[in-house]
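File shown here: my_file.cif, holding mmCIF, C-alpha atoms.
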data_target
loop_
_atom_site.label_atom_id
_atom_site.label_comp_id
_atom_site.auth_asym_id
_atom_site.auth_seq_id
_atom_site.Cartn_x
_atom_site.Cartn_y
_atom_site.Cartn_z
CA MET A 1 109.00 160.64 165.45
CA ASN A 2 105.90 158.87 166.77
CA SER A 3 104.30 155.88 165.08
CA ARG A 4 101.32 157.87 163.80
CA ALA A 5 103.61 160.33 162.05
CA THR A 6 105.42 157.45 160.41
CA ILE A 7 102.19 155.89 159.15
CA THR A 8 100.98 159.11 157.60
CA ALA A 9 104.20 159.95 155.79
CA PRO A 10 103.56 161.15 152.20
CA ASP A 11 104.12 157.69 150.68
CA ALA A 12 102.28 155.72 153.38
CA PRO A 13 98.95 154.12 152.36
CA ASP A 14 97.02 156.13 154.98
CA ALA A 15 98.09 159.35 153.25
CA ARG A 16 97.07 158.24 149.74
CA ARG A 17 93.78 159.24 148.12
CA PHE A 18 93.05 157.53 144.80
CA LEU A 19 90.61 158.79 142.17
CA PHE A 20 89.53 156.10 139.68
CA LEU A 21 88.16 157.03 136.27
CA GLN A 22 87.11 154.54 133.58
CA GLY A 23 88.54 151.03 133.69
CA PRO A 24 88.36 147.77 131.74
CA HIS A 25 84.86 146.35 131.29
CA GLY A 26 83.96 144.22 134.28
CA PRO A 27 84.85 144.02 137.99
CA PHE A 28 88.62 144.59 137.96
CA PHE A 29 88.60 148.23 139.09
CA ASN A 30 86.16 147.41 141.89
CA ALA A 31 88.44 144.63 143.16
CA LEU A 32 91.49 146.90 142.87
CA GLY A 33 89.78 149.68 144.83
CA ARG A 34 88.76 147.24 147.54
CA MET A 35 92.35 146.04 147.89
CA LEU A 36 93.68 149.61 148.12
CA ARG A 37 91.14 150.39 150.86
CA ALA A 38 92.27 147.29 152.73
CA ALA A 39 95.83 148.68 152.56
CA GLY A 40 94.62 151.88 154.25
CA ALA A 41 94.18 154.23 151.29
CA GLU A 42 91.09 156.30 150.52
CA VAL A 43 89.50 155.45 147.17
CA TRP A 44 86.97 157.36 145.04
CA ARG A 45 85.47 156.51 141.67
CA VAL A 46 84.01 158.81 139.01
CA GLY A 47 81.43 157.08 136.82
CA PHE A 48 80.36 158.42 133.44
CA ASN A 49 77.57 155.97 132.64
CA ARG A 50 75.47 153.15 134.05
CA GLY A 51 78.09 150.57 133.13
CA ASP A 52 80.69 152.32 135.30
CA GLU A 53 78.19 152.55 138.16
CA VAL A 54 77.05 148.91 138.19
CA PHE A 55 80.59 147.54 138.37
CA TRP A 56 81.58 149.78 141.32
CA ARG A 57 80.17 148.41 144.59
CA ASP A 58 81.21 151.14 147.07
CA ARG A 59 78.28 153.55 146.74
CA ALA A 60 79.63 155.86 149.46
CA ARG A 61 82.73 156.57 147.36
CA TYR A 62 81.06 156.73 143.96
CA ILE A 63 80.78 160.09 142.14
CA PRO A 64 78.38 160.12 139.16
CA TYR A 65 79.40 162.58 136.48
CA THR A 66 76.23 163.80 134.77
CA GLY A 67 77.59 167.01 133.25
CA THR A 68 78.59 167.76 129.70
CA PRO A 69 82.02 166.96 128.21
CA GLU A 70 82.67 170.70 128.11
CA ASP A 71 82.22 170.93 131.89
CA TRP A 72 84.57 168.04 132.67
CA PRO A 73 87.88 169.97 132.88
CA ASP A 74 86.60 172.24 135.64
CA THR A 75 84.88 169.34 137.38
CA VAL A 76 87.91 167.08 137.54
CA ALA A 77 90.07 169.95 138.81
CA ALA A 78 87.52 170.62 141.54
CA LEU A 79 87.30 166.93 142.50
CA ILE A 80 91.07 166.62 142.80
CA GLY A 81 91.17 169.63 145.10
CA ALA A 82 88.08 168.82 147.17
CA HIS A 83 89.13 165.26 147.99
CA GLY A 84 92.87 165.91 148.33
CA ILE A 85 93.59 163.39 145.59
CA THR A 86 97.18 162.13 145.45
CA ASP A 87 96.79 159.44 142.78
CA LEU A 88 94.83 159.12 139.53
CA VAL A 89 93.94 155.65 138.20
CA LEU A 90 92.67 154.93 134.69
CA TYR A 91 92.59 152.45 131.83
CA GLY A 92 94.22 154.00 128.76
CA ASP A 93 95.40 157.59 128.80
CA THR A 94 94.17 159.01 125.48
CA ARG A 95 90.36 159.01 125.59
CA PRO A 96 89.26 162.66 126.07
CA VAL A 97 88.09 162.47 129.71
CA HIS A 98 91.32 160.71 130.68
CA ALA A 99 93.66 162.98 128.74
CA THR A 100 92.10 166.01 130.44
CA ALA A 101 92.40 164.45 133.89
CA VAL A 102 96.00 163.39 133.27
CA ALA A 103 96.92 166.97 132.30
CA HIS A 104 95.44 168.30 135.57
CA ALA A 105 97.13 165.56 137.59
CA ARG A 106 100.55 166.25 136.09
CA ALA A 107 100.17 169.98 136.69
CA ARG A 108 99.58 169.25 140.39
CA GLY A 109 102.33 166.65 140.71
CA LEU A 110 99.97 163.70 141.28
CA ARG A 111 100.88 160.12 140.55
CA VAL A 112 99.13 158.80 137.44
CA HIS A 113 98.58 155.04 137.28
CA VAL A 114 97.81 153.77 133.77
CA PHE A 115 96.55 150.28 132.98
CA GLU A 116 96.49 148.82 129.49
CA GLU A 117 96.32 145.48 127.74
CA GLY A 118 99.67 143.75 127.98
CA TYR A 119 102.55 144.67 125.72
CA MET A 120 103.39 140.98 126.10
CA ARG A 121 99.92 139.54 125.47
CA PRO A 122 98.16 137.27 126.03
CA TYR A 123 99.04 136.45 129.62
CA TRP A 124 100.27 139.79 130.94
CA VAL A 125 98.76 143.21 131.46
CA THR A 126 100.52 146.58 131.45
CA TYR A 127 100.91 148.85 134.48
CA GLU A 128 102.83 152.11 134.06
CA ARG A 129 103.05 155.57 135.58
CA ASP A 130 102.15 158.72 133.60
CA GLY A 131 101.45 157.16 130.19
CA SER A 132 101.22 154.03 128.05
CA ASN A 133 101.82 152.97 124.45
CA GLY A 134 103.12 156.01 122.55
CA ASN A 135 103.14 158.03 125.79
CA SER A 136 105.10 155.42 127.73
CA ARG A 137 108.52 156.08 129.22
CA LEU A 138 109.64 153.08 127.19
CA MET A 139 109.61 155.30 124.12
CA GLU A 140 112.55 157.24 125.57
CA LEU A 141 114.57 154.29 126.89
CA SER A 142 117.23 152.73 124.69
CA VAL A 143 118.25 149.08 124.72
CA PRO A 144 121.66 149.94 126.28
CA GLN A 145 119.85 151.76 129.12
CA MET A 146 117.64 148.72 129.66
CA ARG A 147 120.66 146.42 129.71
CA ALA A 148 122.29 148.61 132.34
CA ALA A 149 119.18 148.44 134.51
CA LEU A 150 119.13 144.64 134.20
CA GLU A 151 122.68 144.07 135.38
CA GLY A 152 121.51 142.84 138.77
CA CYS A 153 118.74 140.58 137.40
CA ASP A 154 119.52 136.95 136.71
CA ILE A 155 116.07 135.31 136.86
CA ASP A 156 114.99 133.38 133.78
CA GLN A 157 111.77 134.73 132.33
CA PRO A 158 108.98 132.47 131.04
CA ASP A 159 107.75 132.25 127.48
CA PRO A 160 104.27 133.67 126.85
CA PRO A 161 101.66 130.96 126.26
CA ALA A 162 100.16 130.88 122.79
CA HIS A 163 96.56 131.55 123.78
CA TRP A 164 94.36 134.38 124.94
CA GLY A 165 93.41 133.57 128.50
CA ASP A 166 90.04 135.29 128.91
CA MET A 167 88.59 136.22 125.53
CA ARG A 168 85.08 134.96 126.29
CA GLU A 169 84.95 136.92 129.56
CA HIS A 170 86.25 139.98 127.73
CA MET A 171 83.46 139.78 125.17
CA PHE A 172 80.80 139.02 127.82
CA TYR A 173 81.69 142.02 129.98
CA GLY A 174 81.91 144.23 126.89
CA ALA A 175 78.40 143.23 125.81
CA LEU A 176 76.99 143.64 129.34
CA TYR A 177 78.63 147.05 129.76
CA HIS A 178 77.19 148.38 126.51
CA PHE A 179 73.76 146.94 127.32
CA LEU A 180 73.74 148.80 130.63
CA VAL A 181 74.69 152.04 128.90
CA LEU A 182 72.12 151.48 126.16
CA ALA A 183 69.16 150.45 128.33
CA MET A 184 69.70 152.05 131.76
CA ASN A 185 71.61 155.30 131.19
CA ARG A 186 68.86 157.80 131.99
CA ARG A 187 70.89 159.32 134.82
CA TYR A 188 73.75 160.07 132.45
CA ARG A 189 71.96 161.81 129.59
CA GLN A 190 75.05 163.86 128.69
CA PHE A 191 77.30 160.82 128.28
CA ARG A 192 79.12 160.56 124.97
CA ALA A 193 81.13 157.50 124.01
CA HIS A 194 84.77 158.15 123.13
CA ARG A 195 84.40 156.17 119.90
CA ALA A 196 82.69 157.09 116.65
CA LEU A 197 79.87 154.52 116.88
CA SER A 198 76.89 154.96 119.17
CA VAL A 199 76.50 152.79 122.27
CA GLY A 200 73.66 150.93 120.55
CA GLN A 201 75.83 150.13 117.56
CA GLU A 202 78.66 148.96 119.85
CA PHE A 203 76.24 146.72 121.76
CA ARG A 204 74.88 145.13 118.58
CA LEU A 205 78.39 144.43 117.34
CA TYR A 206 79.31 142.69 120.61
CA VAL A 207 76.13 140.57 120.53
CA ASN A 208 76.60 139.67 116.86
CA LYS A 209 80.15 138.56 117.52
CA LEU A 210 79.10 136.42 120.49
CA TRP A 211 76.40 134.48 118.67
CA ALA A 212 78.52 134.14 115.51
CA MET A 213 81.49 132.59 117.35
CA PRO A 214 80.79 128.96 116.25
CA LEU A 215 80.46 129.93 112.57
CA THR A 216 83.53 132.19 112.79
CA ALA A 217 85.54 129.37 114.37
CA LEU A 218 84.60 127.00 111.53
CA GLU A 219 85.50 129.56 108.87
CA ARG A 220 88.82 130.20 110.62
CA ARG A 221 89.72 126.51 110.78
CA ILE A 222 89.07 126.13 107.06
CA ALA A 223 91.24 129.14 106.23
CA GLN A 224 94.01 127.92 108.55
CA PHE A 225 93.95 124.48 106.94
CA ARG A 226 94.28 125.97 103.46
CA ILE A 227 97.16 128.23 104.45
CA ARG A 228 99.08 125.52 106.31
CA ASN A 229 98.65 122.84 103.65
CA ALA A 230 99.02 124.83 100.43
CA GLY A 231 102.80 124.88 100.75
CA PHE A 232 103.37 128.49 99.66
CA PRO A 233 105.71 130.89 101.51
CA TYR A 234 103.74 133.68 103.16
CA HIS A 235 104.05 136.94 105.05
CA VAL A 236 101.67 138.06 107.81
CA VAL A 237 99.97 141.41 108.36
CA LEU A 238 98.90 141.85 111.99
CA LEU A 239 95.70 143.87 111.96
CA GLN A 240 94.35 145.99 114.78
CA LEU A 241 90.91 147.32 115.52
CA ALA A 242 90.25 150.39 113.37
CA HIS A 243 88.92 152.20 116.45
CA ASP A 244 91.82 151.15 118.69
CA THR A 245 93.61 154.02 120.41
CA SER A 246 97.05 152.81 119.33
CA PHE A 247 95.98 152.67 115.69
CA ILE A 248 94.31 156.09 115.75
CA THR A 249 96.51 158.11 118.11
CA HIS A 250 99.91 156.50 117.62
CA GLY A 251 99.69 155.51 113.96
CA PRO A 252 99.98 157.49 110.68
CA PHE A 253 96.75 156.28 109.06
CA ALA A 254 93.39 158.03 109.15
CA ARG A 255 91.52 154.90 108.02
CA MET A 256 92.18 151.17 108.02
CA GLU A 257 91.81 151.08 104.25
CA GLU A 258 94.96 153.21 103.86
CA PHE A 259 97.03 150.63 105.72
CA LEU A 260 95.52 147.71 103.79
CA GLU A 261 96.27 149.44 100.48
CA LEU A 262 99.87 150.19 101.52
CA CYS A 263 100.49 146.55 102.44
CA ILE A 264 99.01 145.06 99.27
CA ARG A 265 100.75 147.59 97.01
CA GLY A 266 104.12 146.94 98.69
CA PHE A 267 103.58 143.19 98.45
CA ALA A 268 102.65 143.40 94.76
CA GLU A 269 105.73 145.48 93.97
CA GLY A 270 108.33 143.58 95.98
CA ALA A 271 107.38 140.04 96.98
CA PRO A 272 108.41 137.04 94.84
CA ARG A 273 105.50 135.91 92.69
CA HIS A 274 105.06 132.60 94.49
CA HIS A 275 104.73 134.27 97.92
CA HIS A 276 101.36 134.97 99.57
CA LEU A 277 100.12 137.57 102.06
CA VAL A 278 97.95 136.67 105.07
CA PHE A 279 95.99 139.35 106.94
CA LYS A 280 95.39 138.21 110.52
CA ALA A 281 92.36 139.89 112.15
CA HIS A 282 92.37 141.13 115.73
CA PRO A 283 90.59 138.65 118.06
CA LEU A 284 87.91 141.29 118.82
CA GLU A 285 87.35 142.34 115.21
CA ASP A 286 83.62 143.02 114.95
CA GLY A 287 83.06 143.85 111.30
CA ARG A 288 82.54 147.58 111.55
CA VAL A 289 85.12 147.89 108.77
CA PRO A 290 84.43 145.52 105.80
CA ILE A 291 87.99 144.21 105.71
CA PRO A 292 87.39 141.06 103.59
CA ARG A 293 85.65 143.07 100.87
CA LEU A 294 88.36 145.73 100.90
CA LEU A 295 91.09 143.09 100.60
CA ARG A 296 89.41 141.42 97.64
CA ARG A 297 89.09 144.73 95.82
CA LEU A 298 92.65 145.85 96.55
CA ALA A 299 94.09 142.47 95.54
CA ARG A 300 92.34 142.72 92.16
CA VAL A 301 93.52 146.30 91.63
CA HIS A 302 97.17 145.39 92.31
CA GLY A 303 97.14 142.10 90.41
CA VAL A 304 97.62 139.74 93.35
CA ALA A 305 94.14 138.17 93.54
CA GLY A 306 94.47 134.61 94.79
CA ARG A 307 97.61 135.43 96.78
CA VAL A 308 95.93 137.47 99.53
CA HIS A 309 94.17 135.72 102.44
CA TYR A 310 92.12 136.87 105.43
CA LEU A 311 92.15 134.96 108.71
CA ARG A 312 89.50 135.75 111.35
CA GLY A 313 91.35 135.56 114.66
CA GLY A 314 92.71 132.28 115.92
CA LYS A 315 96.02 131.41 117.58
CA LEU A 316 98.74 133.61 116.21
CA ALA A 317 101.55 131.24 117.20
CA ARG A 318 100.51 128.59 114.68
CA LEU A 319 100.40 131.15 111.90
CA LEU A 320 103.79 132.64 112.75
CA ASP A 321 105.52 129.27 112.99
CA HIS A 322 105.81 129.10 109.18
CA ALA A 323 105.73 132.81 108.19
CA ARG A 324 108.61 134.66 106.50
CA SER A 325 107.98 138.13 107.98
CA ALA A 326 105.31 140.33 109.55
CA VAL A 327 103.96 143.86 109.09
CA THR A 328 101.84 145.93 111.47
CA VAL A 329 101.02 149.48 112.49
CA ASN A 330 101.86 148.99 116.16
CA SER A 331 100.07 145.83 117.34
CA THR A 332 101.30 144.33 120.60
CA ALA A 333 101.10 140.95 118.85
CA ALA A 334 104.33 141.92 117.09
CA GLN A 335 106.17 140.89 120.23
CA GLN A 336 105.50 137.27 119.28
CA VAL A 337 107.08 137.98 115.91
CA LEU A 338 110.24 139.37 117.48
CA TRP A 339 110.45 136.54 120.01
CA ARG A 340 110.73 134.15 117.07
CA GLY A 341 113.50 136.23 115.49
CA MET A 342 111.34 137.07 112.46
CA PRO A 343 111.71 140.27 110.41
CA LEU A 344 109.19 142.94 111.41
CA ARG A 345 108.10 146.19 109.74
CA VAL A 346 106.23 148.72 111.90
CA PHE A 347 104.50 151.92 110.76
CA GLY A 348 103.32 153.51 114.02
CA ARG A 349 104.75 154.45 117.39
CA ALA A 350 105.26 151.37 119.56
CA VAL A 351 107.24 150.63 122.69
CA TYR A 352 109.07 147.79 120.89
CA ALA A 353 109.94 149.83 117.78
CA LYS A 354 113.65 149.97 118.58
CA PRO A 355 116.21 150.19 115.76
CA GLU A 356 117.96 147.04 116.98
CA PHE A 357 115.06 144.79 116.04
CA VAL A 358 112.54 146.58 113.79
CA SER A 359 113.20 147.08 110.07
CA ASP A 360 112.97 150.51 108.43
CA GLN A 361 113.10 149.19 104.84
CA PRO A 362 110.62 150.42 102.22
CA LEU A 363 107.82 147.87 102.11
CA PRO A 364 108.58 146.43 98.62
CA GLU A 365 112.20 145.89 99.66
CA PHE A 366 111.06 144.40 102.98
CA PHE A 367 108.86 141.83 101.25
CA ALA A 368 111.69 140.98 98.86
CA HIS A 369 114.62 140.75 101.32
CA PRO A 370 113.55 141.52 104.93
CA THR A 371 116.25 142.24 107.50
CA ARG A 372 116.23 140.13 110.63
CA PRO A 373 116.14 141.55 114.17
CA ASP A 374 118.96 141.45 116.68
CA ILE A 375 117.47 138.66 118.76
CA ARG A 376 119.83 139.22 121.72
CA ALA A 377 118.74 142.85 121.92
CA TYR A 378 115.10 141.85 121.79
CA ARG A 379 115.51 139.27 124.56
CA ASP A 380 117.03 141.97 126.77
CA PHE A 381 114.11 144.26 125.93
CA ARG A 382 111.62 141.52 126.77
CA HIS A 383 113.40 140.76 130.04
CA PHE A 384 113.23 144.46 130.95
CA LEU A 385 109.47 144.55 130.32
CA LEU A 386 108.83 141.49 132.45
CA GLU A 387 110.85 142.99 135.29
CA THR A 388 108.92 146.28 135.17
CA SER A 389 105.60 147.02 133.49
CA GLN A 390 104.29 143.56 132.52
CA LEU A 391 102.34 141.78 135.24
CA PRO A 392 101.00 138.21 134.99
CA GLY A 393 97.22 138.01 135.01
CA GLY A 394 94.26 139.58 133.24
CA PHE A 395 91.40 142.01 133.69
CA TYR A 396 88.44 139.81 132.77
CA SER A 397 88.64 136.28 134.19
CA PHE A 398 88.50 135.56 137.92
CA ARG A 399 91.79 133.68 137.79
CA GLY A 400 93.48 136.48 135.84
CA ARG A 401 92.29 139.19 138.26
CA ARG A 402 93.40 137.18 141.26
CA MET A 403 96.90 136.77 139.83
CA LEU A 404 97.14 140.46 138.87
CA LEU A 405 95.98 141.81 142.25
CA ARG A 406 98.68 139.88 144.08
CA GLN A 407 101.31 142.22 142.64
CA VAL A 408 99.84 145.43 141.33
CA VAL A 409 98.67 146.96 144.63
CA ASP A 410 102.19 146.93 146.06
CA LEU A 411 103.50 148.53 142.86
CA MET A 412 100.87 151.27 143.04
CA LEU A 413 101.70 152.03 146.67
CA ALA A 414 105.46 152.12 145.97
CA ALA A 415 107.11 155.54 145.93
CA GLU A 416 108.84 154.89 142.59
CA ASP A 417 107.52 153.69 139.27
CA PRO A 418 108.79 150.25 138.14
CA TYR A 419 111.27 151.65 135.61
CA THR A 420 112.95 154.01 138.09
CA ALA A 421 113.01 151.35 140.81
CA LEU A 422 114.74 148.81 138.57
CA ALA A 423 117.30 151.33 137.31
CA GLY A 424 118.11 152.27 140.90
CA GLY A 425 118.38 148.67 142.10
CA ARG A 426 115.29 149.05 144.29
CA ALA A 427 112.79 146.91 142.37
CA ALA A 428 110.41 144.86 144.48
CA PRO A 429 110.47 141.04 144.19
CA ARG A 430 108.27 139.81 141.35
CA GLN A 431 105.98 136.80 141.28
CA GLN A 432 107.12 134.33 138.66
CA LEU A 433 104.49 133.19 136.17
CA ARG A 434 103.63 129.51 136.41
CA LEU A 435 101.35 128.22 133.70
CA VAL A 436 99.28 125.84 135.78
CA ARG A 437 96.06 124.74 134.10
#
What does this structure look like when you write it as structure tokens?
Amino acid sequence: MNSRATITAPDAPDARRFLFLQGPHGPFFNALGRMLRAAGAEVWRVGFNRGDEVFWRDRARYIPYTGTPEDWPDTVAALIGAHGITDLVLYGDTRPVHATAVAHARARGLRVHVFEEGYMRPYWVTYERDGSNGNSRLMELSVPQMRAALEGCDIDQPDPPAHWGDMREHMFYGALYHFLVLAMNRRYRQFRAHRALSVGQEFRLYVNKLWAMPLTALERRIAQFRIRNAGFPYHVVLLQLAHDTSFITHGPFARMEEFLELCIRGFAEGAPRHHHLVFKAHPLEDGRVPIPRLLRRLARVHGVAGRVHYLRGGKLARLLDHARSAVTVNSTAAQQVLWRGMPLRVFGRAVYAKPEFVSDQPLPEFFAHPTRPDIRAYRDFRHFLLETSQLPGGFYSFRGRRMLLRQVVDLMLAAEDPYTALAGGRAAPRQQLRLVR
């Protein structure tokens, strides 16, 4: 076989044609596409609005989609065929344009590369094939299967740092993206956001959160001081964004208020009377749901006013250090709960919701006498994640993108997904995370 035939084998970079859809706000997808082109692959990008367009620098390989949502299924099928696409790349797999494209890609046997925020936040991101969160292959893998795959791994894994590495950049790129869509989207008149709010409403929420950060930080410090110094035992509820895909698609609640009511009712019925309940907001909570007002009303209704607290963001580690247990729908922050060996109650589909370390008790019973996780099983699960789908780095800061790109391109070009490669003893060497400031 000649050298040219070897280079253009089905798994060789020269034979790969990547189609990018929507990515994280900011320049990550552009940098990833540039790296794949440097490896020899052909890369195309479909943009659905002005924000997508501005952050993609290769105009020759940019495809503006200006049609209606109803026309998208036929369009994506035609694009895949016309460009000989072998790989589909996207951020999150459940928004309508992505779900449609994934269905077409699977029908044609294409590789589907899915990026998401890290299951092991804050200093990792998630890279998987075919699906993430409730659609991840992790949902089907048991802890014994993971242990078997890890038999040849003996590298110590690092602890996650107790901070969010690039929150300000995340918020900045989110605000800029929505401004571009709001003010410069004439070319994409048919664009419809995948969330319930309009682009203008999303933009205003981002801006409001940015300018209110100093006041929010002060309010948070006061609340943290009161909780830490009051001396009462407390349980933590890890909140998610009400519009988050995991909450909506992989959870049982139609509205955030249903989850809040369930938690306060269960606490009122089962927790000792001297215990308190702390609701920890998501770091990107923007106020579209009036959570503080809802909590005050529900606490009065269930007779626990004065024992329910609301904390606007902040470092989760400090809050968990003295907590008795935690409750969530399916927040990735629950991994920090399990790492500490704390009891955890989960109500939605989550990759970490394994019977070895997540309680299935009724909520009143859980608040009264929560069962603890099997910490050895969880450590094996965590080790498995860090050997496969969790990559050090981030989407939004320069330093985070640089760290992420050093590994993810090789994983995307590999013939096997990380889970299959590890199980078969063919996993590529991984960069170890060093927390250098």
**Message:** On this structure, the PyMOL selection byres ((chain A and resi 291-303) around 7) would catch which residues? List them as a list in words, sorted by chain and number.
**Reply:**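 Given this file, the PyMOL selection byres ((chain A and resi 291-303) around 7) evaluates to Glu261, Ile264, Arg265, Ala268, Val289, Pro290, Val304, Ala305, Val308 and Tyr310 of chain A.
Nearest-residue note for Met256 of chain A: choosing from A:Phe232, A:Asp130, A:Gly67, A:Val329, the minimum distance belongs to A:Val329, counting all atoms listed in the file.
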Under the PyMOL selection byres ((chain A and resi 375) around 8), which residues of this model are included? Write them out as an mmCIF file with C-alpha atoms, in the coordinates of the input.
data_model
loop_
_atom_site.group_PDB
_atom_site.id
_atom_site.type_symbol
_atom_site.label_atom_id
_atom_site.label_comp_id
_atom_site.auth_asym_id
_atom_site.auth_seq_id
_atom_site.Cartn_x
_atom_site.Cartn_y
_atom_site.Cartn_z
ATOM 1 C CA LEU A 338 110.240 139.370 117.480
ATOM 2 C CA TRP A 339 110.450 136.540 120.010
ATOM 3 C CA GLY A 341 113.500 136.230 115.490
ATOM 4 C CA PHE A 357 115.060 144.790 116.040
ATOM 5 C CA PRO A 373 116.140 141.550 114.170
ATOM 6 C CA ASP A 374 118.960 141.450 116.680
ATOM 7 C CA ARG A 376 119.830 139.220 121.720
ATOM 8 C CA ALA A 377 118.740 142.850 121.920
ATOM 9 C CA TYR A 378 115.100 141.850 121.790
ATOM 10 C CA ARG A 379 115.510 139.270 124.560
#
**Message:** Just want the 7 Å neighbourhood of segment 49-51 of chain A, counted on only C-alpha atoms, with same-chain residues fewer than 2 positions away dropped. Output as a PyMOL selection string.
**Reply:** chain A and resi 47+53-55+177+180-181+184-185+188+191
**Message:** Could you check the closest approach to Asp87 of chain A for each of A:Ala101, A:Val327, A:Leu284, A:Phe18 and tell me which residue wins, using all atoms listed in the file?
**Reply:**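 Of all the options, A:Phe18 lies closest to Asp87 of chain A.
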**Item:** Atom-to-atom span, atom CA of Arg192 of chain A and atom CA of Ala103 of chain A, Å
**Value:** 20.3 Å
**Asked** Any idea what the distance is between atom CA of Val76 of chain A and atom CA of Trp44 of chain A?
**Response**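 Going from atom CA of Val76 of chain A over to atom CA of Trp44 of chain A covers 12.3 Å.
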**Item:** Close residues, Arg108 of chain A itself excluded, 12 Å, all atoms listed in the file, min 2 positions apart in chain, as a ChimeraX atom specification
**Value:** /A:77,80-81,84-88,101-106,110-112
**Request:** Provide the atom CA of Gly287 of chain A to atom CA of Arg221 of chain A distance in Å, to one decimal place.
**Result:**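 Answer for the atom CA of Gly287 of chain A to atom CA of Arg221 of chain A separation: 18.6 Å.
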Take every atom of segment 15-22 of chain A listed in the file, fit an axis-aligned box around them, add 6 Å per side, and give the centre and edge lengths in Å to one decimal as lines of an AutoDock Vina configuration file.
center_x = 92.6
center_y = 156.9
center_z = 143.4
size_x = 23.0
size_y = 16.8
size_z = 31.7
**Message:** Which residues would end up in the selection if the PyMOL selection byres ((chain A and resi 92-96) around 8) were applied here, given that I need the answer as a VMD selection string?
**Reply:** chain A and resid 90 to 91 97 to 100 102 114 to 116 131 to 132 194 245 249
Writing out the chosen residues with C-alpha atoms as a PDB file, keeping the file's coordinate frame:
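The resulting result23.pdb:
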ATOM      1  CA  LEU A  90      92.670 154.930 134.690  1.00  0.00           C
ATOM      2  CA  TYR A  91      92.590 152.450 131.830  1.00  0.00           C
ATOM      3  CA  VAL A  97      88.090 162.470 129.710  1.00  0.00           C
ATOM      4  CA  HIS A  98      91.320 160.710 130.680  1.00  0.00           C
ATOM      5  CA  ALA A  99      93.660 162.980 128.740  1.00  0.00           C
ATOM      6  CA  THR A 100      92.100 166.010 130.440  1.00  0.00           C
ATOM      7  CA  VAL A 102      96.000 163.390 133.270  1.00  0.00           C
ATOM      8  CA  VAL A 114      97.810 153.770 133.770  1.00  0.00           C
ATOM      9  CA  PHE A 115      96.550 150.280 132.980  1.00  0.00           C
ATOM     10  CA  GLU A 116      96.490 148.820 129.490  1.00  0.00           C
ATOM     11  CA  GLY A 131     101.450 157.160 130.190  1.00  0.00           C
ATOM     12  CA  SER A 132     101.220 154.030 128.050  1.00  0.00           C
ATOM     13  CA  HIS A 194      84.770 158.150 123.130  1.00  0.00           C
ATOM     14  CA  THR A 245      93.610 154.020 120.410  1.00  0.00           C
ATOM     15  CA  THR A 249      96.510 158.110 118.110  1.00  0.00           C
TER      16      THR A 249
END
**Message:** Give me the residues near Ala271 of chain A as a PyMOL selection string, where near means some atom within 7 Å (using all atoms listed in the file) and where sequence neighbours in that chain fewer than 2 positions away do not count.
**Reply:** chain A and resi 267-269+273+275+364+367-368
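Counting all atoms listed in the file, the residue from A:Leu311, A:Leu79, A:Ala317, A:Leu239 that sits nearest to Glu219 of chain A is A:Leu311.
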**Prompt:** Which neighbours of Trp56 of chain A fall inside 8 Å, counting only C-alpha atoms, when residues of the same chain fewer than 6 positions from it are skipped, and could you give them as number ranges by chain?
**Reply:** A: 27, 29-30, 45, 62
**Request:** Go through A:Gly314, A:Pro24, A:Pro252, A:Gly400 and flag the residue nearest Thr328 of chain A, using all atoms listed in the file for the distances.
**Result:** A:Pro252
**Message:** Would you pick out the contacts of Leu238 of chain A at 9 Å or less, using all atoms listed in the file, so that residues sharing its chain but fewer than 3 positions from it are not included, and give the list as a VMD selection string?
**Reply:** chain A and resid 278 to 282 326 to 331 333 to 334
**Prompt:** Of the residues A:Ala242, A:Ala423, A:Val125, A:Leu413, which is the one nearest to Asp14 of chain A, using all atoms listed in the file?
**Reply:**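 Checking each of A:Ala242, A:Ala423, A:Val125, A:Leu413 against Asp14 of chain A, counting all atoms listed in the file, the winner is A:Leu413.
If all atoms listed in the file are the atoms counted, then among A:Asn229, A:Glu285, A:His25, A:Glu117 the closest residue to Phe179 of chain A is A:His25.
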